[in-house]
file final.pdb (PDB, C-alpha atoms)
ATOM      1  CA  MET A   1     -62.338 -45.101   9.732  1.00  0.00           C
ATOM      2  CA  LYS A   2     -63.991 -46.716   6.723  1.00  0.00           C
ATOM      3  CA  THR A   3     -60.971 -48.960   6.201  1.00  0.00           C
ATOM      4  CA  ASP A   4     -61.163 -50.169   9.796  1.00  0.00           C
ATOM      5  CA  THR A   5     -64.893 -51.009   9.466  1.00  0.00           C
ATOM      6  CA  TYR A   6     -64.335 -52.717   6.120  1.00  0.00           C
ATOM      7  CA  THR A   7     -61.463 -54.801   7.547  1.00  0.00           C
ATOM      8  CA  LYS A   8     -63.557 -55.862  10.542  1.00  0.00           C
ATOM      9  CA  ILE A   9     -66.454 -56.914   8.301  1.00  0.00           C
ATOM     10  CA  VAL A  10     -64.188 -58.917   5.968  1.00  0.00           C
ATOM     11  CA  LEU A  11     -62.405 -60.634   8.874  1.00  0.00           C
ATOM     12  CA  THR A  12     -65.758 -61.434  10.512  1.00  0.00           C
ATOM     13  CA  ILE A  13     -67.020 -63.030   7.286  1.00  0.00           C
ATOM     14  CA  ILE A  14     -63.807 -65.074   7.011  1.00  0.00           C
ATOM     15  CA  ALA A  15     -64.121 -66.190  10.638  1.00  0.00           C
ATOM     16  CA  ILE A  16     -67.750 -67.257  10.128  1.00  0.00           C
ATOM     17  CA  ALA A  17     -66.835 -69.180   6.965  1.00  0.00           C
ATOM     18  CA  LEU A  18     -63.952 -70.976   8.721  1.00  0.00           C
ATOM     19  CA  THR A  19     -66.191 -71.869  11.662  1.00  0.00           C
ATOM     20  CA  ALA A  20     -68.858 -73.217   9.314  1.00  0.00           C
ATOM     21  CA  ASN A  21     -66.191 -75.239   7.510  1.00  0.00           C
ATOM     22  CA  LEU A  22     -65.032 -76.683  10.836  1.00  0.00           C
ATOM     23  CA  PHE A  23     -68.542 -77.809  11.794  1.00  0.00           C
ATOM     24  CA  LYS A  24     -69.130 -79.244   8.324  1.00  0.00           C
ATOM     25  CA  GLY A  25     -66.078 -81.468   8.808  1.00  0.00           C
ATOM     26  CA  ILE A  26     -67.349 -82.678  12.166  1.00  0.00           C
ATOM     27  CA  ILE A  27     -70.847 -83.486  10.889  1.00  0.00           C
ATOM     28  CA  THR A  28     -69.782 -85.266   7.674  1.00  0.00           C
ATOM     29  CA  PRO A  29     -66.429 -87.013   8.131  1.00  0.00           C
ATOM     30  CA  ALA A  30     -64.220 -87.333   5.081  1.00  0.00           C
ATOM     31  CA  VAL A  31     -63.826 -90.712   3.374  1.00  0.00           C
ATOM     32  CA  ALA A  32     -60.627 -91.246   1.448  1.00  0.00           C
ATOM     33  CA  ASP A  33     -61.813 -94.128  -0.738  1.00  0.00           C
ATOM     34  CA  SER A  34     -65.241 -95.713  -0.453  1.00  0.00           C
ATOM     35  CA  ARG A  35     -64.871 -98.070  -3.396  1.00  0.00           C
ATOM     36  CA  HIS A  36     -64.606-101.779  -2.659  1.00  0.00           C
ATOM     37  CA  TYR A  37     -63.212-104.218  -5.185  1.00  0.00           C
ATOM     38  CA  VAL A  38     -63.651-107.977  -5.256  1.00  0.00           C
ATOM     39  CA  SER A  39     -61.639-110.413  -7.325  1.00  0.00           C
ATOM     40  CA  ILE A  40     -63.671-113.147  -8.985  1.00  0.00           C
ATOM     41  CA  PRO A  41     -61.962-116.409  -9.898  1.00  0.00           C
ATOM     42  CA  LEU A  42     -62.140-117.150 -13.615  1.00  0.00           C
ATOM     43  CA  ASN A  43     -62.246-120.561 -15.229  1.00  0.00           C
ATOM     44  CA  ALA A  44     -59.580-121.499 -17.775  1.00  0.00           C
ATOM     45  CA  ASP A  45     -61.827-120.376 -20.649  1.00  0.00           C
ATOM     46  CA  GLY A  46     -62.530-116.984 -19.008  1.00  0.00           C
ATOM     47  CA  THR A  47     -66.020-117.804 -17.709  1.00  0.00           C
ATOM     48  CA  ILE A  48     -67.229-117.533 -14.123  1.00  0.00           C
ATOM     49  CA  ASN A  49     -69.411-119.944 -12.172  1.00  0.00           C
ATOM     50  CA  VAL A  50     -72.745-118.524 -10.993  1.00  0.00           C
ATOM     51  CA  ASN A  51     -75.221-120.333  -8.764  1.00  0.00           C
ATOM     52  CA  VAL A  52     -78.812-119.067  -9.085  1.00  0.00           C
ATOM     53  CA  LYS A  53     -80.726-120.147  -5.969  1.00  0.00           C
ATOM     54  CA  HIS A  54     -84.252-119.159  -6.982  1.00  0.00           C
ATOM     55  CA  ALA A  55     -85.848-118.139 -10.291  1.00  0.00           C
ATOM     56  CA  ASP A  56     -89.548-118.485 -11.126  1.00  0.00           C
ATOM     57  CA  GLY A  57     -89.333-116.487 -14.325  1.00  0.00           C
ATOM     58  CA  PRO A  58     -87.345-113.689 -15.870  1.00  0.00           C
ATOM     59  CA  MET A  59     -84.951-112.068 -13.443  1.00  0.00           C
ATOM     60  CA  ASP A  60     -84.578-108.304 -13.276  1.00  0.00           C
ATOM     61  CA  VAL A  61     -80.929-107.383 -13.051  1.00  0.00           C
ATOM     62  CA  LYS A  62     -80.379-103.925 -11.615  1.00  0.00           C
ATOM     63  CA  ILE A  63     -76.976-102.630 -10.672  1.00  0.00           C
ATOM     64  CA  LYS A  64     -77.270 -99.901  -8.060  1.00  0.00           C
ATOM     65  CA  ASP A  65     -74.673 -97.785  -6.331  1.00  0.00           C
ATOM     66  CA  VAL A  66     -71.893 -98.593  -8.776  1.00  0.00           C
ATOM     67  CA  ASP A  67     -69.069 -96.197  -9.412  1.00  0.00           C
ATOM     68  CA  PRO A  68     -69.649 -94.784 -12.918  1.00  0.00           C
ATOM     69  CA  TYR A  69     -66.012 -95.474 -13.796  1.00  0.00           C
ATOM     70  CA  ALA A  70     -66.033 -99.076 -12.532  1.00  0.00           C
ATOM     71  CA  PHE A  71     -66.657-100.505 -15.997  1.00  0.00           C
ATOM     72  CA  ARG A  72     -64.653 -98.010 -18.035  1.00  0.00           C
ATOM     73  CA  ASN A  73     -62.002-100.440 -19.362  1.00  0.00           C
ATOM     74  CA  VAL A  74     -64.009-103.662 -19.157  1.00  0.00           C
ATOM     75  CA  SER A  75     -65.605-105.551 -22.016  1.00  0.00           C
ATOM     76  CA  PRO A  76     -69.136-106.984 -21.608  1.00  0.00           C
ATOM     77  CA  ILE A  77     -69.484-110.466 -20.138  1.00  0.00           C
ATOM     78  CA  PRO A  78     -71.432-112.834 -22.397  1.00  0.00           C
ATOM     79  CA  VAL A  79     -74.252-114.629 -20.549  1.00  0.00           C
ATOM     80  CA  ARG A  80     -75.736-117.930 -21.633  1.00  0.00           C
ATOM     81  CA  SER A  81     -78.286-120.111 -19.914  1.00  0.00           C
ATOM     82  CA  ASN A  82     -78.266-123.886 -19.982  1.00  0.00           C
TER      83      ASN A  82
END
call {"tool": "encode", "arguments": {"input": "final.pdb", "output": "structure tokens"}}
result
Amino acid sequence: MKTDTYTKIVLTIIAIALTANLFKGIITPAVADSRHYVSIPLNADGTINVNVKHADGPMDVKIKDVDPYAFRNVSPIPVRSN
């Protein structure tokens, strides 16, 4: 009798876990790849053209929501102001 009760409890726990897993998939859909890449045209000397529309003083540059591995194999870009 104890084996039958044990089996029913274990199968009930498995059923509850599978049901919870099903509802979790419905609530938060899976995303295969959320990274977006953009190609930037380079000049012949390797620089890029940037157009700053408005600057009254020092500009804070903050990169948010960037994949931590996005800059793994990239060297820093030198910045110079004219």
call {"tool": "closest_residue", "arguments": {"input": "final.pdb", "among": "A:Ala20, A:Ala70, A:Ala15, A:Val50", "to": "A:Tyr37", "atoms": "all atoms listed in the file"}}
result
A:Ala70
call {"tool": "atom_distance", "arguments": {"input": "final.pdb", "atom1": "atom CA of A:Val10", "atom2": "atom CA of A:Ile26"}}
result
24.8 Å
call {"tool": "atom_distance", "arguments": {"input": "final.pdb", "atom1": "atom CA of A:Leu42", "atom2": "atom CA of A:Ala55"}}
result
24.0 Å
call {"tool": "atom_distance", "arguments": {"input": "final.pdb", "atom1": "atom CA of A:Lys24", "atom2": "atom CA of A:Thr12"}}
result
18.3 Å
